[in-house]
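Contents: one structure, followed by commentary.
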Amino acid sequence: MNENTVSPTSQIDHEVVPENGTKMSIVSLPAAEEIQKPNAALVISTSESEALRYNPENIATYYSSRPLKVLRRIITVLTPAIRFALGIWWDSKRGIVVKNDRRRAIQLRQILTRLGPAYIKIGQALSTRPDLVPPTYLEELTQLQDKLPPFPNEIAYQFIQEELGAPPQEIYTELSPEPIAAASLGQVYKGKLSTGEEVAVKVQRPDLRERITIDLYILRRLAGWVQKNFKRIRSDLVGILDELGDRIFEEMDYIHEGENAERFYQLYGHLKDVYVPKIYWEYTNRRVLTMEWIEGTKLTNTEEIKAEGIDARYLIEVGVQCSLRQLLEHGFFHADPHPGNLLATRDGKLAYLDFGMMSEIKPPQRYGLIEAIVHVVNRDFEGLANDYVKLDFLSPDTDLTPIIPAFARVFANAQGASVAELNIKSITDELSALMYEYPFRVPPYYALIIRSLVTLEGIAIHIDPNFKVLSEAYPYVAKRLLTDPSPELRASLQDLLFKENRFRWNRLENLLRNARNNQDYDFNLVLNQGVDFLSSERGSFIRDRLIDELIKSAEALSKNVLHKFTYLLRERVGVTAINETPAATDEQQQTLEHIKRILNILRETRGFDPTQLALQVVQIALNPGVQRLGQQIATQLLQKAAARLIRDLLASEEGDRSFEVSLFNHEDTKTQRNSQAVNHHFQRSIL
């Protein structure tokens, strides 16, 4: 530490010389109350053992009686903002290219830094959007991630002593003389424990709570005023700010952050090439967090990563797959995945840092998001409109009639395009305009989801401008639809595969083709879970209609075989007494082509092994549900054959047609009812 940073009342107690030879000083300081005196009215918890909680009512009570304090803060925020805007305007009048002006970019970064944590977070979000922010500004805003001005070491050391009950030199054998990184809520030192383990020591900024609460209070009042006076804004702006306030207050509690890290590890630490650092609880408290030190490089430092022989694009793919499980599987997600929190480790893994800002999505919203992705990919805008009702964007009594074609217009530029050409940011922008025109409301949970996805996509675009998150997401979604046993996703699968009781083979083919690209998907998984589902009561709807489709396909195949045989007899052998049997119809032929391609997809799916397939078939055949399924198929095939025989022997051509229709037009009934109906017609025909 620099000696001129030590306060006049401080005294140097101890010196440590790290391995790199740099001398580090540990200081003792006056009591913490002389350094930081938080207002009691802003302390939400009632005891030191309770977690810090955001309480907008308590905050409003405190600041409503201090109007001058609020007014000073408003002036503090508006003055540099107006000055900056006027400067930009004047530069444009003088012909200066503002987007390339580094002087203005530095000024913006400095303004956000001075305004404090709430505005720094806005800058951090912008720093991940190369598609929105010019490169010059992007370079400056990136410094807001971990290169902010640090607060004095003596305050940090005092906090360590207060929180951990001992001076830093008694806890850490080494501690970096200056912070390694300084972010919006705290700064990080590199240290070493007596056991030799290298650790990151995160210490919270002083006066943090009051600086954040006054900004949240002002923004919340502004949001309430906007909601009240602008009727076209139907979103719950106050609720969105309260959601953000909850997350920020949790982020200020390092015990809560440590618990988040451990939960994140339990849920996602097993994923391939995902790394989550260890928390050292004996050296962690509300304002001090000690965690495993991670040697790594920011994902956006592509040249450094490439020099280390690491594929940055692959790590982004890892991050997308991890995010999909966070958002759509477990619902516990990292709401702040900016580049400072995602590192490429030396051994080529993606390390997650900073678990302060986490959030959760409830199961109905998770399933709704999956359904929405499926409907976007398949251009099912009626289904998409209903998804927005389920996701609380639209009230159940909303008339969807004008909204469905509006969705079609939003995605018009993507009509006919593959999923790889869709971009979350462009979709979000288009939907924002749509939400303003129609009675949409943005639920509070949605803001953090979009922040997380858009931030991740921004990093991806920085690494590869052609990267599309949805392209990476759909194989996972397809795998979930095919294998997830939840009733919600089974219903979605049914809606996807059937339209007006017609089986859509092209949708199944598309699902299987995309699902095989997911790393967790293999042939055995789809075979076993597919058989279990189809042989269960829950799968009766799909099973019955799939049986009908397979029987129709078998009939079409037999028609083609018979057609070729009769053709050979007539044309090659010269047996003209035999009539040439018609081949399968165009529709039947298309179905056969779909089935052929599906079989090829299954053969190319991970886990397919012809040598093991016979054994698997035998095991599956012993399943009672599968045996019942086989009996149903065999019964229907026999009935078809018997009906065709009777038709050929006894019925006229016109009678044949009515007989066939009356006999088999039962697609909306259960298989057992089909069998009873066929037997009844069969007996009548014999008599």
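Residue names in the structure tokens use chain letters A, B, ... in the order shown, residue numbers from 1 in each chain, and ligand numbers from 1 in the order shown.
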With 7 Å as the cut-off and only C-alpha atoms counted, what is the closest atom pair between each nearby residue of stretch 234-338 of chain A and stretch 210-226 of chain A? Distances in Å to one decimal, ordered by chain and number, as JSON lines.
```
{"residue": "A:Leu237", "atom": "CA", "partner": "A:Ala223", "partner_atom": "CA", "distance": 5.6}
{"residue": "A:Val238", "atom": "CA", "partner": "A:Ala223", "partner_atom": "CA", "distance": 5.7}
{"residue": "A:Leu241", "atom": "CA", "partner": "A:Arg220", "partner_atom": "CA", "distance": 6.4}
{"residue": "A:Gly245", "atom": "CA", "partner": "A:Leu216", "partner_atom": "CA", "distance": 7.0}
```
How about saving the chosen residues, all heavy atoms kept, as an mmCIF file, in the first residue's frame?
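again05.cif, freshly written:
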```
data_model
loop_
_atom_site.group_PDB
_atom_site.id
_atom_site.type_symbol
_atom_site.label_atom_id
_atom_site.label_comp_id
_atom_site.auth_asym_id
_atom_site.auth_seq_id
_atom_site.Cartn_x
_atom_site.Cartn_y
_atom_site.Cartn_z
ATOM 1 N N LEU A 237 -43.805 -0.531 -13.696
ATOM 2 C CA LEU A 237 -42.470 0.052 -13.548
ATOM 3 C C LEU A 237 -42.011 0.038 -12.095
ATOM 4 O O LEU A 237 -40.833 -0.207 -11.806
ATOM 5 C CB LEU A 237 -42.461 1.485 -14.083
ATOM 6 C CG LEU A 237 -42.793 1.665 -15.574
ATOM 7 C CD1 LEU A 237 -42.715 3.138 -15.947
ATOM 8 C CD2 LEU A 237 -41.855 0.846 -16.437
ATOM 9 N N VAL A 238 -42.934 0.307 -11.191
ATOM 10 C CA VAL A 238 -42.584 0.285 -9.764
ATOM 11 C C VAL A 238 -42.180 -1.125 -9.352
ATOM 12 O O VAL A 238 -41.193 -1.329 -8.632
ATOM 13 C CB VAL A 238 -43.764 0.794 -8.908
ATOM 14 C CG1 VAL A 238 -43.468 0.608 -7.423
ATOM 15 C CG2 VAL A 238 -44.033 2.271 -9.202
ATOM 16 N N LEU A 241 -38.698 -1.887 -10.573
ATOM 17 C CA LEU A 241 -37.672 -1.261 -9.730
ATOM 18 C C LEU A 241 -37.545 -1.963 -8.382
ATOM 19 O O LEU A 241 -36.445 -2.099 -7.839
ATOM 20 C CB LEU A 241 -37.995 0.215 -9.529
ATOM 21 C CG LEU A 241 -37.433 1.154 -10.601
ATOM 22 C CD1 LEU A 241 -37.989 2.552 -10.424
ATOM 23 C CD2 LEU A 241 -35.912 1.183 -10.538
ATOM 24 N N GLY A 245 -34.363 -3.520 -6.791
ATOM 25 C CA GLY A 245 -33.947 -3.166 -5.430
ATOM 26 C C GLY A 245 -33.701 -4.393 -4.577
ATOM 27 O O GLY A 245 -32.718 -4.447 -3.813
#
```
- prompt: Do you know which residues are at most 8 Å from A:Ser194 counting only C-alpha atoms, after dropping those on the same chain fewer than 3 positions away, and could you put them as JSON, numbers by chain?
  reply: {"A": [171, 172, 173, 197]}
Output all heavy atoms for every residue in that selection, as a CSV table (one decimal), in the first residue's frame.
```csv
chain,number,residue,atom,x,y,z
A,171,ILE,N,-5.3,-13.2,9.6
A,171,ILE,CA,-6.1,-14.0,8.8
A,171,ILE,C,-5.5,-14.5,7.5
A,171,ILE,O,-5.5,-15.7,7.1
A,171,ILE,CB,-7.5,-13.3,8.4
A,171,ILE,CG1,-8.2,-12.9,9.7
A,171,ILE,CG2,-8.4,-14.2,7.6
A,171,ILE,CD1,-9.4,-12.0,9.5
A,172,TYR,N,-4.8,-13.5,6.8
A,172,TYR,CA,-4.2,-13.8,5.5
A,172,TYR,C,-2.6,-13.7,5.7
A,172,TYR,O,-2.1,-12.7,6.2
A,172,TYR,CB,-4.7,-12.9,4.5
A,172,TYR,CG,-6.2,-12.8,4.4
A,172,TYR,CD1,-6.8,-11.7,4.9
A,172,TYR,CD2,-6.9,-13.8,3.8
A,172,TYR,CE1,-8.2,-11.6,4.9
A,172,TYR,CE2,-8.3,-13.7,3.8
A,172,TYR,CZ,-9.0,-12.6,4.3
A,172,TYR,OH,-10.3,-12.5,4.3
A,173,THR,N,-1.9,-14.7,5.2
A,173,THR,CA,-0.4,-14.6,5.2
A,173,THR,C,0.1,-13.6,4.2
A,173,THR,O,1.2,-13.1,4.3
A,173,THR,CB,0.2,-16.0,5.0
A,173,THR,OG1,-0.3,-16.5,3.7
A,173,THR,CG2,-0.2,-16.9,6.1
A,197,GLU,N,-3.6,-21.7,0.3
A,197,GLU,CA,-4.6,-21.5,-0.7
A,197,GLU,C,-4.7,-20.0,-1.1
A,197,GLU,O,-4.8,-19.2,-0.2
A,197,GLU,CB,-5.9,-22.0,-0.3
A,197,GLU,CG,-5.9,-23.5,-0.1
A,197,GLU,CD,-7.2,-24.0,0.7
A,197,GLU,OE1,-7.3,-23.7,1.9
A,197,GLU,OE2,-8.0,-24.7,0.1
```
- request: Compile the contact shell of stretch 446-462 of chain A as an MDAnalysis selection string: residues with an atom at most 7 Å away, counting only C-alpha atoms, same-chain residues fewer than 3 positions apart removed.
  value: chainID A and resid 125 128:130 240 300 316 335:339 424:425 442:443 465:467 469
Expected file contents, prior selection, N, CA, C and O atoms, as a tab-separated table (two decimals), in the first residue's frame:
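To be explicit, this is the file written out as again.tsv:
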```tsv
chain	number	residue	atom	x	y	z
A	125	ALA	N	-24.10	-2.45	-18.03
A	125	ALA	CA	-25.02	-3.09	-18.98
A	125	ALA	C	-24.74	-2.62	-20.40
A	125	ALA	O	-24.72	-3.41	-21.35
A	128	THR	N	-21.68	-4.10	-22.54
A	128	THR	CA	-21.75	-5.43	-23.15
A	128	THR	C	-22.49	-5.40	-24.48
A	128	THR	O	-22.78	-6.46	-25.04
A	129	ARG	N	-22.82	-4.19	-25.00
A	129	ARG	CA	-23.63	-4.10	-26.22
A	129	ARG	C	-22.86	-3.44	-27.36
A	129	ARG	O	-23.04	-2.26	-27.65
A	130	PRO	N	-21.97	-4.20	-28.02
A	130	PRO	CA	-21.24	-3.62	-29.16
A	130	PRO	C	-22.16	-3.27	-30.32
A	130	PRO	O	-21.77	-2.52	-31.22
A	240	ILE	N	-40.94	-3.43	-11.28
A	240	ILE	CA	-39.64	-3.73	-11.88
A	240	ILE	C	-38.51	-3.13	-11.04
A	240	ILE	O	-37.49	-3.78	-10.78
A	300	THR	N	-14.00	-11.22	-23.20
A	300	THR	CA	-13.92	-10.21	-24.27
A	300	THR	C	-12.48	-9.91	-24.69
A	300	THR	O	-12.27	-9.26	-25.70
A	316	ILE	N	-18.30	-19.38	-25.01
A	316	ILE	CA	-19.60	-18.70	-25.09
A	316	ILE	C	-20.71	-19.73	-25.26
A	316	ILE	O	-21.79	-19.62	-24.66
A	335	ALA	N	-27.96	-13.00	-12.84
A	335	ALA	CA	-28.61	-11.86	-13.49
A	335	ALA	C	-27.61	-10.79	-13.93
A	335	ALA	O	-28.02	-9.77	-14.46
A	336	ASP	N	-26.31	-11.03	-13.74
A	336	ASP	CA	-25.32	-10.01	-14.07
A	336	ASP	C	-24.08	-10.64	-14.74
A	336	ASP	O	-22.96	-10.50	-14.24
A	337	PRO	N	-24.27	-11.32	-15.88
A	337	PRO	CA	-23.13	-12.03	-16.50
A	337	PRO	C	-22.28	-11.13	-17.40
A	337	PRO	O	-22.05	-11.44	-18.57
A	338	HIS	N	-21.83	-9.97	-16.87
A	338	HIS	CA	-20.99	-9.11	-17.70
A	338	HIS	C	-19.56	-9.68	-17.76
A	338	HIS	O	-19.21	-10.59	-16.99
A	339	PRO	N	-18.71	-9.20	-18.67
A	339	PRO	CA	-17.40	-9.82	-18.89
A	339	PRO	C	-16.52	-9.90	-17.65
A	339	PRO	O	-15.69	-10.80	-17.56
A	424	ILE	N	-31.83	-12.11	-30.37
A	424	ILE	CA	-32.63	-11.74	-29.20
A	424	ILE	C	-32.81	-10.23	-29.12
A	424	ILE	O	-33.90	-9.74	-28.84
A	425	LYS	N	-31.74	-9.49	-29.37
A	425	LYS	CA	-31.84	-8.03	-29.25
A	425	LYS	C	-32.82	-7.45	-30.26
A	425	LYS	O	-33.66	-6.60	-29.92
A	442	VAL	N	-45.29	-5.39	-18.76
A	442	VAL	CA	-44.05	-6.14	-18.52
A	442	VAL	C	-44.00	-6.55	-17.05
A	442	VAL	O	-43.92	-5.70	-16.17
A	443	PRO	N	-44.07	-7.86	-16.76
A	443	PRO	CA	-43.99	-8.30	-15.36
A	443	PRO	C	-42.59	-8.07	-14.79
A	443	PRO	O	-41.60	-8.10	-15.55
A	465	PRO	N	-19.39	-11.81	-34.29
A	465	PRO	CA	-20.54	-10.99	-34.70
A	465	PRO	C	-21.70	-11.80	-35.28
A	465	PRO	O	-22.83	-11.33	-35.29
A	466	ASN	N	-21.42	-13.02	-35.75
A	466	ASN	CA	-22.47	-13.85	-36.33
A	466	ASN	C	-23.12	-14.80	-35.34
A	466	ASN	O	-23.97	-15.61	-35.71
A	467	PHE	N	-22.70	-14.71	-34.08
A	467	PHE	CA	-23.24	-15.62	-33.06
A	467	PHE	C	-24.70	-15.27	-32.77
A	467	PHE	O	-25.05	-14.11	-32.60
A	469	VAL	N	-27.77	-16.44	-30.13
A	469	VAL	CA	-28.08	-17.21	-28.93
A	469	VAL	C	-29.21	-18.20	-29.20
A	469	VAL	O	-29.17	-19.35	-28.74
```
- request: Going by DSSP on the backbone, which bits of stretch 319-383 of chain A are strand (DSSP E or B)? Write them as a list in words, please.
  value: Phe332, Phe333, His334, Leu342, Leu343, Ala344, Thr345, Leu350, Ala351, Tyr352, Met358, Ser359 and Glu360 of chain A
Any chance you can output those residues with C-alpha atoms as a PDB file, in the first residue's frame?
```
ATOM      1  CA  PHE A 332     -32.038 -19.927 -10.498  1.00  0.00           C
ATOM      2  CA  PHE A 333     -30.012 -17.647 -12.741  1.00  0.00           C
ATOM      3  CA  HIS A 334     -27.058 -15.264 -12.779  1.00  0.00           C
ATOM      4  CA  LEU A 342     -17.012 -14.528 -16.740  1.00  0.00           C
ATOM      5  CA  LEU A 343     -13.418 -15.720 -17.064  1.00  0.00           C
ATOM      6  CA  ALA A 344     -11.651 -18.181 -19.334  1.00  0.00           C
ATOM      7  CA  THR A 345      -9.448 -20.278 -17.036  1.00  0.00           C
ATOM      8  CA  LEU A 350     -15.667 -20.972 -18.106  1.00  0.00           C
ATOM      9  CA  ALA A 351     -15.495 -19.631 -14.544  1.00  0.00           C
ATOM     10  CA  TYR A 352     -18.429 -17.721 -13.052  1.00  0.00           C
ATOM     11  CA  MET A 358     -29.117 -13.705  -8.757  1.00  0.00           C
ATOM     12  CA  SER A 359     -32.806 -14.191  -9.432  1.00  0.00           C
ATOM     13  CA  GLU A 360     -35.381 -16.964  -9.825  1.00  0.00           C
TER      14      GLU A 360
END
```
task: Write down as a ChimeraX atom specification the residues of stretch 139-339 of chain A whose backbone DSSP state falls under helix (DSSP H, G or I).
output: /A:139-144,153-164,168-171,208-229,237-251,254-268,281-283,302-307,312-330,339
- line: Shortest contact to A:Asp387, candidates A:Thr290, A:Asn506, A:Gln365, A:Ser486, atoms counted only C-alpha atoms, goes to A:Gln365
